[in-house]
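Dumped final.pdb below, it's PDB, C-alpha atoms and all ligand atoms:
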```pdb
ATOM      1  CA  MET S   1     -21.302  64.885  79.959
ATOM      2  CA  ALA S   2     -20.917  64.775  76.181
ATOM      3  CA  ASN S   3     -18.663  67.430  74.682
ATOM      4  CA  SER S   4     -20.643  70.334  73.372
ATOM      5  CA  VAL S   5     -20.349  71.619  69.804
ATOM      6  CA  ILE S   6     -20.828  75.156  71.091
ATOM      7  CA  PRO S   7     -17.450  76.818  70.391
ATOM      8  CA  ILE S   8     -15.137  78.233  73.009
ATOM      9  CA  VAL S   9     -13.692  81.503  71.772
ATOM     10  CA  ASP S  10     -10.461  82.934  73.170
ATOM     11  CA  LEU S  11     -10.862  86.729  73.280
ATOM     12  CA  SER S  12      -7.220  87.456  74.198
ATOM     13  CA  PRO S  13      -6.411  89.057  70.791
ATOM     14  CA  PHE S  14      -8.817  91.854  71.777
ATOM     15  CA  PHE S  15      -6.843  92.569  74.925
ATOM     16  CA  ARG S  16      -3.537  93.250  73.184
ATOM     17  CA  GLN S  17      -2.339  95.810  70.679
ATOM     18  CA  GLY S  18      -2.077  94.693  67.079
ATOM     19  CA  ASP S  19      -2.697  90.977  66.364
ATOM     20  CA  LYS S  20      -5.002  91.776  63.482
ATOM     21  CA  ASP S  21      -4.912  88.174  62.380
ATOM     22  CA  GLY S  22      -5.962  86.886  65.798
ATOM     23  CA  LYS S  23      -8.833  89.392  65.911
ATOM     24  CA  ARG S  24      -9.990  88.448  62.427
ATOM     25  CA  LYS S  25     -10.063  84.744  63.328
ATOM     26  CA  VAL S  26     -12.143  85.439  66.430
ATOM     27  CA  ARG S  27     -14.629  87.455  64.373
ATOM     28  CA  GLU S  28     -14.919  84.627  61.846
ATOM     29  CA  VAL S  29     -15.679  82.011  64.514
ATOM     30  CA  ILE S  30     -18.201  84.334  66.169
ATOM     31  CA  ASP S  31     -19.860  85.073  62.841
ATOM     32  CA  GLU S  32     -20.187  81.369  62.105
ATOM     33  CA  THR S  33     -21.510  80.397  65.523
ATOM     34  CA  CYS S  34     -23.970  83.313  65.729
ATOM     35  CA  SER S  35     -25.336  82.379  62.300
ATOM     36  CA  ARG S  36     -25.749  78.718  63.325
ATOM     37  CA  TYR S  37     -26.380  78.569  67.063
ATOM     38  CA  GLY S  38     -26.485  82.065  68.540
ATOM     39  CA  PHE S  39     -24.463  80.625  71.432
ATOM     40  CA  PHE S  40     -20.759  80.460  72.260
ATOM     41  CA  GLN S  41     -18.462  80.549  75.267
ATOM     42  CA  ILE S  42     -15.665  83.041  75.812
ATOM     43  CA  ILE S  43     -12.409  82.704  77.717
ATOM     44  CA  ASN S  44      -9.761  85.370  78.427
ATOM     45  CA  HIS S  45     -12.602  87.883  78.496
ATOM     46  CA  GLY S  46     -11.140  90.193  81.128
ATOM     47  CA  VAL S  47     -13.644  89.411  83.899
ATOM     48  CA  PRO S  48     -11.500  88.395  86.905
ATOM     49  CA  LEU S  49     -11.787  84.665  87.557
ATOM     50  CA  ASP S  50     -11.660  85.048  91.342
ATOM     51  CA  LEU S  51     -14.607  87.456  91.167
ATOM     52  CA  MET S  52     -16.568  84.891  89.151
ATOM     53  CA  SER S  53     -15.943  82.073  91.613
ATOM     54  CA  ARG S  54     -16.621  84.298  94.638
ATOM     55  CA  ALA S  55     -19.923  85.401  93.106
ATOM     56  CA  LEU S  56     -21.007  81.779  92.588
ATOM     57  CA  LYS S  57     -19.946  80.797  96.099
ATOM     58  CA  LEU S  58     -21.649  83.722  97.861
ATOM     59  CA  SER S  59     -24.890  83.482  95.909
ATOM     60  CA  LYS S  60     -25.118  79.771  96.742
ATOM     61  CA  ILE S  61     -24.753  80.597 100.457
ATOM     62  CA  PHE S  62     -27.573  83.150 100.110
ATOM     63  CA  PHE S  63     -29.919  80.745  98.297
ATOM     64  CA  GLU S  64     -29.246  78.065 100.893
ATOM     65  CA  SER S  65     -30.196  80.387 103.762
ATOM     66  CA  SER S  66     -33.651  80.264 105.409
ATOM     67  CA  VAL S  67     -36.838  81.088 103.511
ATOM     68  CA  GLU S  68     -37.464  83.986 105.955
ATOM     69  CA  GLU S  69     -34.069  85.461 105.240
ATOM     70  CA  LYS S  70     -34.647  85.251 101.488
ATOM     71  CA  MET S  71     -38.174  86.646 101.757
ATOM     72  CA  ASN S  72     -36.703  89.711 103.481
ATOM     73  CA  CYS S  73     -35.263  90.553 100.071
ATOM     74  CA  SER S  74     -38.617  90.511  98.252
ATOM     75  CA  PRO S  75     -39.050  93.272  95.642
ATOM     76  CA  LEU S  76     -40.014  96.700  97.005
ATOM     77  CA  PRO S  77     -43.609  97.807  96.487
ATOM     78  CA  GLY S  78     -43.847 100.186  93.540
ATOM     79  CA  SER S  79     -40.662  98.898  91.946
ATOM     80  CA  PRO S  80     -40.916  99.140  88.125
ATOM     81  CA  PHE S  81     -38.991  95.893  87.919
ATOM     82  CA  PRO S  82     -38.978  93.014  90.408
ATOM     83  CA  ALA S  83     -35.436  93.491  91.705
ATOM     84  CA  GLY S  84     -34.693  91.357  94.761
ATOM     85  CA  TYR S  85     -35.508  87.759  95.632
ATOM     86  CA  ASN S  86     -38.153  85.786  93.818
ATOM     87  CA  ARG S  87     -38.938  82.225  92.894
ATOM     88  CA  LYS S  88     -40.911  80.622  90.119
ATOM     89  CA  PRO S  89     -44.045  78.989  91.539
ATOM     90  CA  ASN S  90     -43.744  75.416  92.653
ATOM     91  CA  PRO S  91     -45.267  73.091  91.676
ATOM     92  CA  SER S  92     -45.296  74.278  88.098
ATOM     93  CA  TYR S  93     -43.709  73.282  84.821
ATOM     94  CA  GLU S  94     -40.454  74.952  85.832
ATOM     95  CA  PHE S  95     -38.716  75.971  89.019
ATOM     96  CA  ALA S  96     -35.851  78.277  89.918
ATOM     97  CA  GLU S  97     -34.999  80.947  92.498
ATOM     98  CA  PHE S  98     -33.639  84.383  91.614
ATOM     99  CA  LEU S  99     -31.911  87.386  93.099
ATOM    100  CA  VAL S 100     -32.288  90.189  90.574
ATOM    101  CA  MET S 101     -30.346  93.448  90.530
ATOM    102  CA  LEU S 102     -30.601  96.595  88.447
ATOM    103  CA  GLN S 103     -27.727  99.041  87.960
ATOM    104  CA  PRO S 104     -25.528  99.433  91.048
ATOM    105  CA  GLY S 105     -26.909 102.346  93.049
ATOM    106  CA  SER S 106     -30.524 101.845  91.926
ATOM    107  CA  ASN S 107     -32.946 102.552  94.775
ATOM    108  CA  PHE S 108     -34.908  99.451  93.824
ATOM    109  CA  ASN S 109     -32.107  96.987  94.458
ATOM    110  CA  VAL S 110     -32.716  94.787  97.502
ATOM    111  CA  PHE S 111     -29.853  92.804  98.995
ATOM    112  CA  PRO S 112     -29.700  90.586 102.066
ATOM    113  CA  SER S 113     -28.403  92.760 104.912
ATOM    114  CA  ASN S 114     -26.414  89.931 106.490
ATOM    115  CA  HIS S 115     -24.696  88.934 103.239
ATOM    116  CA  SER S 116     -22.897  92.227 102.645
ATOM    117  CA  HIS S 117     -20.139  90.645 100.548
ATOM    118  CA  LEU S 118     -22.719  89.352  98.094
ATOM    119  CA  ARG S 119     -23.848  92.879  97.328
ATOM    120  CA  ALA S 120     -20.294  94.112  96.732
ATOM    121  CA  VAL S 121     -19.495  91.124  94.538
ATOM    122  CA  MET S 122     -22.673  91.455  92.468
ATOM    123  CA  GLU S 123     -22.074  95.177  91.948
ATOM    124  CA  ASP S 124     -18.550  94.452  90.819
ATOM    125  CA  LEU S 125     -19.739  91.650  88.529
ATOM    126  CA  PHE S 126     -22.395  93.948  87.048
ATOM    127  CA  ASP S 127     -19.729  96.533  86.115
ATOM    128  CA  GLN S 128     -17.520  93.843  84.626
ATOM    129  CA  PHE S 129     -20.382  92.552  82.478
ATOM    130  CA  VAL S 130     -21.068  96.074  81.215
ATOM    131  CA  LYS S 131     -17.426  96.287  80.094
ATOM    132  CA  ILE S 132     -17.411  92.936  78.307
ATOM    133  CA  GLY S 133     -20.820  93.789  76.815
ATOM    134  CA  ALA S 134     -19.320  96.837  75.100
ATOM    135  CA  ILE S 135     -16.367  94.798  73.828
ATOM    136  CA  LEU S 136     -18.628  92.067  72.498
ATOM    137  CA  GLU S 137     -20.898  94.593  70.814
ATOM    138  CA  SER S 138     -18.020  96.003  68.817
ATOM    139  CA  ILE S 139     -16.765  92.516  67.903
ATOM    140  CA  LEU S 140     -20.276  91.564  66.748
ATOM    141  CA  SER S 141     -20.628  94.787  64.731
ATOM    142  CA  GLU S 142     -17.419  94.021  62.890
ATOM    143  CA  SER S 143     -18.146  90.317  62.447
ATOM    144  CA  LEU S 144     -21.330  91.411  60.656
ATOM    145  CA  GLY S 145     -19.297  93.749  58.440
ATOM    146  CA  LEU S 146     -20.733  96.869  60.117
ATOM    147  CA  PRO S 147     -18.748  99.828  61.479
ATOM    148  CA  LEU S 148     -17.251  99.043  64.894
ATOM    149  CA  SER S 149     -19.547 101.365  66.846
ATOM    150  CA  THR S 150     -22.860 100.347  65.208
ATOM    151  CA  PHE S 151     -24.363  98.428  68.136
ATOM    152  CA  GLN S 152     -22.822 100.632  70.793
ATOM    153  CA  GLU S 153     -24.426 103.683  69.221
ATOM    154  CA  PHE S 154     -27.742 101.866  68.911
ATOM    155  CA  ASN S 155     -27.570 100.564  72.475
ATOM    156  CA  ASN S 156     -26.125 103.520  74.350
ATOM    157  CA  ASP S 157     -28.301 103.558  77.475
ATOM    158  CA  ARG S 158     -27.149 101.263  80.260
ATOM    159  CA  ASN S 159     -30.174 101.818  82.532
ATOM    160  CA  SER S 160     -32.000  98.647  81.502
ATOM    161  CA  ASP S 161     -29.248  96.106  82.134
ATOM    162  CA  VAL S 162     -30.138  93.386  84.628
ATOM    163  CA  LEU S 163     -28.021  90.926  86.584
ATOM    164  CA  THR S 164     -29.737  87.843  87.996
ATOM    165  CA  ALA S 165     -28.304  85.253  90.354
ATOM    166  CA  LEU S 166     -30.110  81.939  89.808
ATOM    167  CA  TYR S 167     -30.440  78.806  91.869
ATOM    168  CA  TYR S 168     -31.897  75.487  90.766
ATOM    169  CA  LEU S 169     -32.824  72.737  93.198
ATOM    170  CA  PRO S 170     -32.067  69.144  92.173
ATOM    171  CA  ALA S 171     -34.612  67.515  89.854
ATOM    172  CA  THR S 172     -37.401  65.570  91.504
ATOM    173  CA  GLU S 173     -39.047  62.510  90.049
ATOM    174  CA  LYS S 174     -41.928  64.646  88.782
ATOM    175  CA  GLU S 175     -40.085  67.822  87.815
ATOM    176  CA  LYS S 176     -36.793  68.404  86.148
ATOM    177  CA  MET S 177     -37.248  71.753  84.397
ATOM    178  CA  GLY S 178     -35.438  74.759  85.836
ATOM    179  CA  ILE S 179     -36.226  77.322  83.132
ATOM    180  CA  SER S 180     -38.195  76.003  80.195
ATOM    181  CA  SER S 181     -37.500  76.745  76.537
ATOM    182  CA  HIS S 182     -37.253  80.475  75.846
ATOM    183  CA  ARG S 183     -35.336  83.121  73.938
ATOM    184  CA  ASP S 184     -33.720  86.001  75.757
ATOM    185  CA  VAL S 185     -34.871  89.574  75.533
ATOM    186  CA  GLY S 186     -32.341  92.308  74.781
ATOM    187  CA  CYS S 187     -29.135  92.250  72.750
ATOM    188  CA  ILE S 188     -26.708  89.902  74.423
ATOM    189  CA  THR S 189     -26.936  87.667  77.488
ATOM    190  CA  PHE S 190     -23.884  86.519  79.416
ATOM    191  CA  VAL S 191     -24.169  83.450  81.633
ATOM    192  CA  LEU S 192     -21.757  82.491  84.359
ATOM    193  CA  GLN S 193     -22.534  78.894  85.297
ATOM    194  CA  ASP S 194     -21.062  76.599  87.931
ATOM    195  CA  GLU S 195     -19.596  73.198  87.089
ATOM    196  CA  ILE S 196     -22.861  71.246  87.292
ATOM    197  CA  GLY S 197     -24.316  71.697  83.787
ATOM    198  CA  GLY S 198     -27.926  71.682  82.623
ATOM    199  CA  LEU S 199     -27.993  74.632  80.192
ATOM    200  CA  GLU S 200     -29.063  73.429  76.731
ATOM    201  CA  VAL S 201     -29.584  75.089  73.316
ATOM    202  CA  LEU S 202     -32.113  73.970  70.717
ATOM    203  CA  LYS S 203     -30.655  73.333  67.263
ATOM    204  CA  ASP S 204     -32.456  71.397  64.514
ATOM    205  CA  ASP S 205     -34.912  69.992  67.076
ATOM    206  CA  LYS S 206     -32.115  68.661  69.258
ATOM    207  CA  TRP S 207     -31.068  69.906  72.677
ATOM    208  CA  ILE S 208     -27.328  70.561  72.761
ATOM    209  CA  PRO S 209     -25.572  70.880  76.153
ATOM    210  CA  VAL S 210     -23.537  73.985  76.894
ATOM    211  CA  THR S 211     -20.846  72.119  78.805
ATOM    212  CA  PRO S 212     -19.439  74.123  81.730
ATOM    213  CA  LYS S 213     -15.838  75.211  81.377
ATOM    214  CA  GLU S 214     -14.042  76.776  84.317
ATOM    215  CA  GLY S 215     -13.404  80.475  83.763
ATOM    216  CA  ALA S 216     -15.657  80.659  80.695
ATOM    217  CA  LEU S 217     -18.707  82.856  80.188
ATOM    218  CA  VAL S 218     -21.557  81.773  77.949
ATOM    219  CA  VAL S 219     -22.706  84.342  75.372
ATOM    220  CA  ASN S 220     -26.196  84.133  73.975
ATOM    221  CA  ILE S 221     -27.718  86.315  71.250
ATOM    222  CA  GLY S 222     -30.938  88.059  72.318
ATOM    223  CA  ILE S 223     -33.951  88.683  70.112
ATOM    224  CA  ILE S 224     -33.001  92.302  69.395
ATOM    225  CA  LEU S 225     -29.871  91.238  67.507
ATOM    226  CA  GLN S 226     -31.880  88.641  65.626
ATOM    227  CA  VAL S 227     -34.338  91.318  64.482
ATOM    228  CA  LEU S 228     -31.656  93.942  63.665
ATOM    229  CA  THR S 229     -29.771  91.398  61.527
ATOM    230  CA  ASN S 230     -32.991  90.181  59.886
ATOM    231  CA  ASN S 231     -32.334  86.647  61.216
ATOM    232  CA  LYS S 232     -28.683  86.480  60.125
ATOM    233  CA  TYR S 233     -27.781  86.014  63.787
ATOM    234  CA  LYS S 234     -29.988  83.578  65.679
ATOM    235  CA  SER S 235     -31.500  84.080  69.076
ATOM    236  CA  PRO S 236     -31.967  80.436  69.959
ATOM    237  CA  ASN S 237     -34.356  78.694  72.286
ATOM    238  CA  HIS S 238     -32.574  77.413  75.329
ATOM    239  CA  ARG S 239     -33.525  75.934  78.688
ATOM    240  CA  VAL S 240     -32.084  74.735  81.963
ATOM    241  CA  VAL S 241     -32.702  71.155  83.023
ATOM    242  CA  ARG S 242     -32.200  70.644  86.739
ATOM    243  CA  PRO S 243     -29.483  68.204  87.688
ATOM    244  CA  ASN S 244     -30.078  64.978  89.563
ATOM    245  CA  GLY S 245     -28.995  64.987  93.167
ATOM    246  CA  ARG S 246     -27.276  68.419  93.138
ATOM    247  CA  SER S 247     -28.303  72.023  93.099
ATOM    248  CA  ARG S 248     -26.949  74.346  90.412
ATOM    249  CA  ASN S 249     -26.260  78.045  90.462
ATOM    250  CA  SER S 250     -25.509  80.608  87.809
ATOM    251  CA  PHE S 251     -25.710  84.296  86.904
ATOM    252  CA  SER S 252     -27.370  85.792  83.823
ATOM    253  CA  PHE S 253     -26.513  89.295  82.716
ATOM    254  CA  PHE S 254     -28.894  90.877  80.233
ATOM    255  CA  TYR S 255     -27.200  93.560  78.168
ATOM    256  CA  ASN S 256     -30.424  95.286  77.275
ATOM    257  CA  ILE S 257     -31.805  98.199  75.338
ATOM    258  CA  SER S 258     -34.214 100.724  76.799
ATOM    259  CA  GLY S 259     -37.963 100.308  76.326
ATOM    260  CA  GLY S 260     -38.324 103.464  74.231
ATOM    261  CA  LYS S 261     -35.994 102.147  71.543
ATOM    262  CA  TRP S 262     -37.339 101.522  68.028
ATOM    263  CA  VAL S 263     -36.219  98.148  66.653
ATOM    264  CA  GLU S 264     -36.310  97.051  63.018
ATOM    265  CA  PRO S 265     -34.069  95.104  60.631
ATOM    266  CA  LEU S 266     -31.100  97.258  59.565
ATOM    267  CA  PRO S 267     -30.895  98.301  55.875
ATOM    268  CA  ASP S 268     -27.565  96.415  55.661
ATOM    269  CA  PHE S 269     -29.545  93.149  55.979
ATOM    270  CA  THR S 270     -32.557  94.209  53.913
ATOM    271  CA  LYS S 271     -32.560  97.005  51.297
ATOM    272  CA  GLN S 272     -28.819  96.971  50.675
ATOM    273  CA  ILE S 273     -28.807  93.260  49.863
ATOM    274  CA  ALA S 274     -32.274  93.204  48.291
ATOM    275  CA  GLU S 275     -33.771  91.120  51.116
ATOM    276  CA  LYS S 276     -37.272  91.656  52.452
ATOM    277  CA  PRO S 277     -37.481  92.599  56.118
ATOM    278  CA  LYS S 278     -38.648  89.637  58.196
ATOM    279  CA  TYR S 279     -40.032  91.890  60.940
ATOM    280  CA  LYS S 280     -41.983  95.091  61.066
ATOM    281  CA  GLY S 281     -40.502  97.763  63.307
ATOM    282  CA  PHE S 282     -41.592  98.005  66.928
ATOM    283  CA  PHE S 283     -40.867  99.793  70.160
ATOM    284  CA  TYR S 284     -39.011  97.462  72.475
ATOM    285  CA  SER S 285     -41.548  98.183  75.250
ATOM    286  CA  ASP S 286     -44.328  96.848  72.963
ATOM    287  CA  TYR S 287     -42.393  93.633  72.454
ATOM    288  CA  LEU S 288     -41.940  93.285  76.228
ATOM    289  CA  GLN S 289     -45.675  93.789  76.719
ATOM    290  CA  LYS S 290     -46.527  91.089  74.145
ATOM    291  CA  ARG S 291     -44.045  88.769  75.731
ATOM    292  CA  LYS S 292     -45.654  89.282  79.129
ATOM    293  CA  GLU S 293     -49.140  88.604  77.736
ATOM    294  CA  ASN S 294     -47.953  85.425  76.013
ATOM    295  CA  LYS S 295     -46.219  84.253  79.133
ATOM    296  CA  LEU S 296     -49.355  84.680  81.232
ATOM    297  CA  LYS S 297     -51.265  82.534  78.734
ATOM    298  CA  ARG S 298     -48.604  79.876  78.817
ATOM    299  CA  THR S 299     -49.433  76.900  81.032
ATOM    300  CA  SER S 300     -46.886  74.334  79.943
ATOM    301  CA  GLY S 301     -43.217  74.169  79.116
ATOM    302  CA  LEU S 302     -44.035  73.945  75.422
ATOM    303  CA  GLU S 303     -41.978  76.187  73.246
ATOM    304  CA  ASP S 304     -43.420  79.423  71.962
ATOM    305  CA  ASP S 305     -41.711  82.495  70.650
ATOM    306  CA  LEU S 306     -42.962  84.842  73.373
ATOM    307  CA  GLY S 307     -44.242  87.630  71.244
ATOM    308  CA  LEU S 308     -41.771  87.806  68.377
ATOM    309  CA  SER S 309     -44.200  86.254  65.872
ATOM    310  CA  HIS S 310     -46.474  89.227  66.519
ATOM    311  CA  PHE S 311     -43.962  91.399  64.623
ATOM    312  CA  SER S 312     -42.945  88.808  62.075
ATOM    313  CA  LEU S 313     -43.581  89.517  58.383
ATOM    314  CA  THR S 314     -42.988  85.931  57.270
ATOM    315  CA  VAL S 315     -45.801  83.381  57.211
TER     316      VAL S 315
HETATM  317  O1  LIG C 401     -29.035  79.554  84.394
HETATM  318  C1  LIG C 401     -28.630  79.532  83.230
HETATM  319  O2  LIG C 401     -27.651  78.846  82.895
HETATM  320  C2  LIG C 401     -29.301  80.321  82.128
HETATM  321  C3  LIG C 401     -30.562  81.003  82.551
HETATM  322  C4  LIG C 401     -31.282  81.666  81.421
HETATM  323  O3  LIG C 401     -31.433  81.146  80.345
HETATM  324  C5  LIG C 401     -31.832  83.016  81.637
HETATM  325  O4  LIG C 401     -31.671  83.561  82.739
HETATM  326  O5  LIG C 401     -32.406  83.577  80.681
HETATM  327 FE    FE C 402     -32.144  82.623  78.902
END
```
Any chance you could give the structure as structure tokens?
Ligand SMILES: O=C(O)CCC(=O)C(=O)O
Ligand SMILES: [Fe+2]
Amino acid sequence: MANSVIPIVDLSPFFRQGDKDGKRKVREVIDETCSRYGFFQIINHGVPLDLMSRALKLSKIFFESSVEEKMNCSPLPGSPFPAGYNRKPNPSYEFAEFLVMLQPGSNFNVFPSNHSHLRAVMEDLFDQFVKIGAILESILSESLGLPLSTFQEFNNDRNSDVLTALYYLPATEKEKMGISSHRDVGCITFVLQDEIGGLEVLKDDKWIPVTPKEGALVVNIGIILQVLTNNKYKSPNHRVVRPNGRSRNSFSFFYNISGGKWVEPLPDFTKQIAEKPKYKGFFYSDYLQKRKENKLKRTSGLEDDLGLSHFSLTV
């Protein structure tokens, strides 16, 4: 696969005392890539590598078990969020299988009873992602020239975070889309992908591969950061194209905000620099509702912005 232009950022300066210079350089690269692509990969991020590979291995075993076994993990009736096993309809314009989990300990989580290690590993991975989420939020705050704790104070409720294990069957002659072009909800998404590839980012009308790198995590800016920064940081369209002849598996962790949160461009990116806001303010739950409505109307893999244009002030 062609080498990707998406940068690989070594976070090790943030795991040692001092090294101001190293930290500054990391912030500069992150600032540049978030302004251009909204995507980068991180290494030396503190998430144990053996946990990452165990999680990929165990989730693959689960997804390759029988349909009955997987269906036993269907979301619980009355669950406010479809935690548990689900699949996108097939045939359709896209196809993937999911195992979704909310915060460890949530009563709505559903795990396969005969894959007990998978539960333990996903709970551990969830906690690790929460830790790296907080670190990344402070790096992003500073790379934008804001006080270190800006995003952590804004996003201080960890009840809406979601971890999803994903599984993509090999492409067929008719269908190759796994997840079609979309932008992620929330603040930051982390993706742990296996070695197969297929994740792509849209930049200047071209699809750029996010080439897998062992031990790396992909970081992807969500729409909330795009709105807060008044488009300084991009939340890009991305998609997963299913590989030929091989299945692919991955995890997405959505470092989210709670539905009751009010979201609008920060004064630092509007008033203070004499820029007009590009979005009117909204409650995050209203955005999620719009996104749902748009998605239901959507019958093809064609790109749309899933509700963000509803709050846009630009024509
Ligand atoms: O499977 C992947 O690599 C990424 C999936 C994705 O974009 C998502 O879950 O939002
Ligand atoms: Fe995504």
Discussion item. Counting all atoms listed in the file, which residues sit no farther than 6 Å from the position (-18.3, 86.7, 82.4) in the file's frame? I'd like them as an NGL selection string.
Written reply: :S and (47 or 192 or 217)
List as CSV every residue of range 235-286 of chain S that is in contact with range 96-106 of chain S, defined as an atom at most 10 Å from one of its atoms (using all atoms listed in the file), together with the nearest atom pair and the distance in Å rounded to one decimal, sorted by chain and then rising number.
```
residue,atom,partner,partner_atom,distance
S:Val240,CA,S:Ala96,CA,9.5
S:Arg242,CA,S:Ala96,CA,9.0
S:Arg248,CA,S:Ala96,CA,9.7
S:Asn249,CA,S:Glu97,CA,9.4
S:Ser250,CA,S:Phe98,CA,9.7
S:Phe251,CA,S:Phe98,CA,9.2
S:Ser252,CA,S:Val100,CA,9.4
S:Phe253,CA,S:Met101,CA,9.6
```
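The space between CA of Pro277 in chain S and CA of Leu228 in chain S spans 9.6 Å.
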Practice prompt. Decode the PyMOL selection byres (((chain S and resi 29-45) around 6) and not hetatm) for the given file into explicit residues and return them as a VMD selection string.
Written response: chain S and resid 6 to 12 26 to 28 46 to 47 143 216 to 221 232 to 236
Practice prompt. Could you pull out the residues sitting within 9 Å of ligand LIG 401 (chain C), using only C-alpha atoms and all ligand atoms, and write them as number ranges by chain?
Written response: S: 96, 164-168, 178-185, 189-194, 197-200, 210, 218, 220, 237-240, 248-254
Practice prompt. For Ile257 in chain S, work out the shell of residues within 10 Å, counting only C-alpha atoms and skipping chain neighbours fewer than 2 positions away, then give it as an NGL selection string.
Written response: :S and (154-161 or 185-188 or 224 or 254-255 or 259-263 or 284-285)
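Between Ser247 in chain S and the residues S:Asp204, S:Phe95, S:Leu140, S:Gly215, the shortest atom-to-atom distance, using only C-alpha atoms, involves S:Phe95.
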Worksheet item: Mind telling me what the PyMOL selection byres (((chain S and resi 122) around 12) and not hetatm) catches here, as a ChimeraX atom specification?
Response: /S:51-59,99-105,109-112,115-121,123-129,162-165,251-253
Practice prompt. Take the point (-35.7, 94.9, 58.4) in the file's coordinates, draw a sphere of radius 9 Å around it, and report as a ChimeraX atom specification every protein, DNA or RNA residue with an atom inside or on it, counting only C-alpha atoms.
Written response: /S:227-230,263-271,275-281
Go ahead and save the residues from that selection, with C-alpha atoms, as a short mmCIF file (atom, residue, chain, number, x, y, z; two decimals), in the frame of the given file.
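Saved to out_2.cif:
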```cif
data_model
loop_
_atom_site.label_atom_id
_atom_site.label_comp_id
_atom_site.auth_asym_id
_atom_site.auth_seq_id
_atom_site.Cartn_x
_atom_site.Cartn_y
_atom_site.Cartn_z
CA VAL S 227 -34.34 91.32 64.48
CA LEU S 228 -31.66 93.94 63.66
CA THR S 229 -29.77 91.40 61.53
CA ASN S 230 -32.99 90.18 59.89
CA VAL S 263 -36.22 98.15 66.65
CA GLU S 264 -36.31 97.05 63.02
CA PRO S 265 -34.07 95.10 60.63
CA LEU S 266 -31.10 97.26 59.56
CA PRO S 267 -30.90 98.30 55.88
CA ASP S 268 -27.56 96.42 55.66
CA PHE S 269 -29.54 93.15 55.98
CA THR S 270 -32.56 94.21 53.91
CA LYS S 271 -32.56 97.00 51.30
CA GLU S 275 -33.77 91.12 51.12
CA LYS S 276 -37.27 91.66 52.45
CA PRO S 277 -37.48 92.60 56.12
CA LYS S 278 -38.65 89.64 58.20
CA TYR S 279 -40.03 91.89 60.94
CA LYS S 280 -41.98 95.09 61.07
CA GLY S 281 -40.50 97.76 63.31
#
```
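One distance worth recording is that between CA of Lys131 in chain S and CA of Phe81 in chain S, which is 22.9 Å.
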Could you give me the axis-aligned bounding box of range 183-196 of chain S, with 8 Å of padding per side, as centre plus edge lengths in Å to one decimal, as AutoDock Vina command-line options?
```
--center_x -27.5 --center_y 81.8 --center_z 80.3 --size_x 31.7 --size_y 37.1 --size_z 31.2
```
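Shortest atom-to-atom contact with Val130 in chain S among S:Asn72, S:Gln152, S:Asn114, S:Ser4: S:Gln152, counting all atoms listed in the file.
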Just the residues within 10 Å of Asn244 in chain S, please, counting only C-alpha atoms, with nothing from its chain fewer than 6 positions along; format it as a PDB file with C-alpha atoms, in the frame of the given file.
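Generated file (around-v1.pdb):
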```
ATOM      1  CA  LEU S 169     -32.824  72.737  93.198  1.00  0.00           C
ATOM      2  CA  PRO S 170     -32.067  69.144  92.173  1.00  0.00           C
ATOM      3  CA  ALA S 171     -34.612  67.515  89.854  1.00  0.00           C
ATOM      4  CA  THR S 172     -37.401  65.570  91.504  1.00  0.00           C
ATOM      5  CA  GLU S 173     -39.047  62.510  90.049  1.00  0.00           C
ATOM      6  CA  LYS S 176     -36.793  68.404  86.148  1.00  0.00           C
ATOM      7  CA  ILE S 196     -22.861  71.246  87.292  1.00  0.00           C
ATOM      8  CA  GLY S 198     -27.926  71.682  82.623  1.00  0.00           C
TER       9      GLY S 198
END
```
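CA of Leu308 in chain S is found 11.0 Å from CA of Gln289 in chain S.
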Worksheet, complete the sentence: Of S:Leu202, S:Leu144, S:Cys73, S:Leu49, the one sitting nearest ligand FE 402 (chain C) when using all atoms listed in the file is S:Leu202
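Shortest atom-to-atom contact with ligand FE 402 (chain C) among S:Gly18, S:Thr314, S:Val201, S:Tyr287: S:Val201, counting only C-alpha atoms and all ligand atoms.
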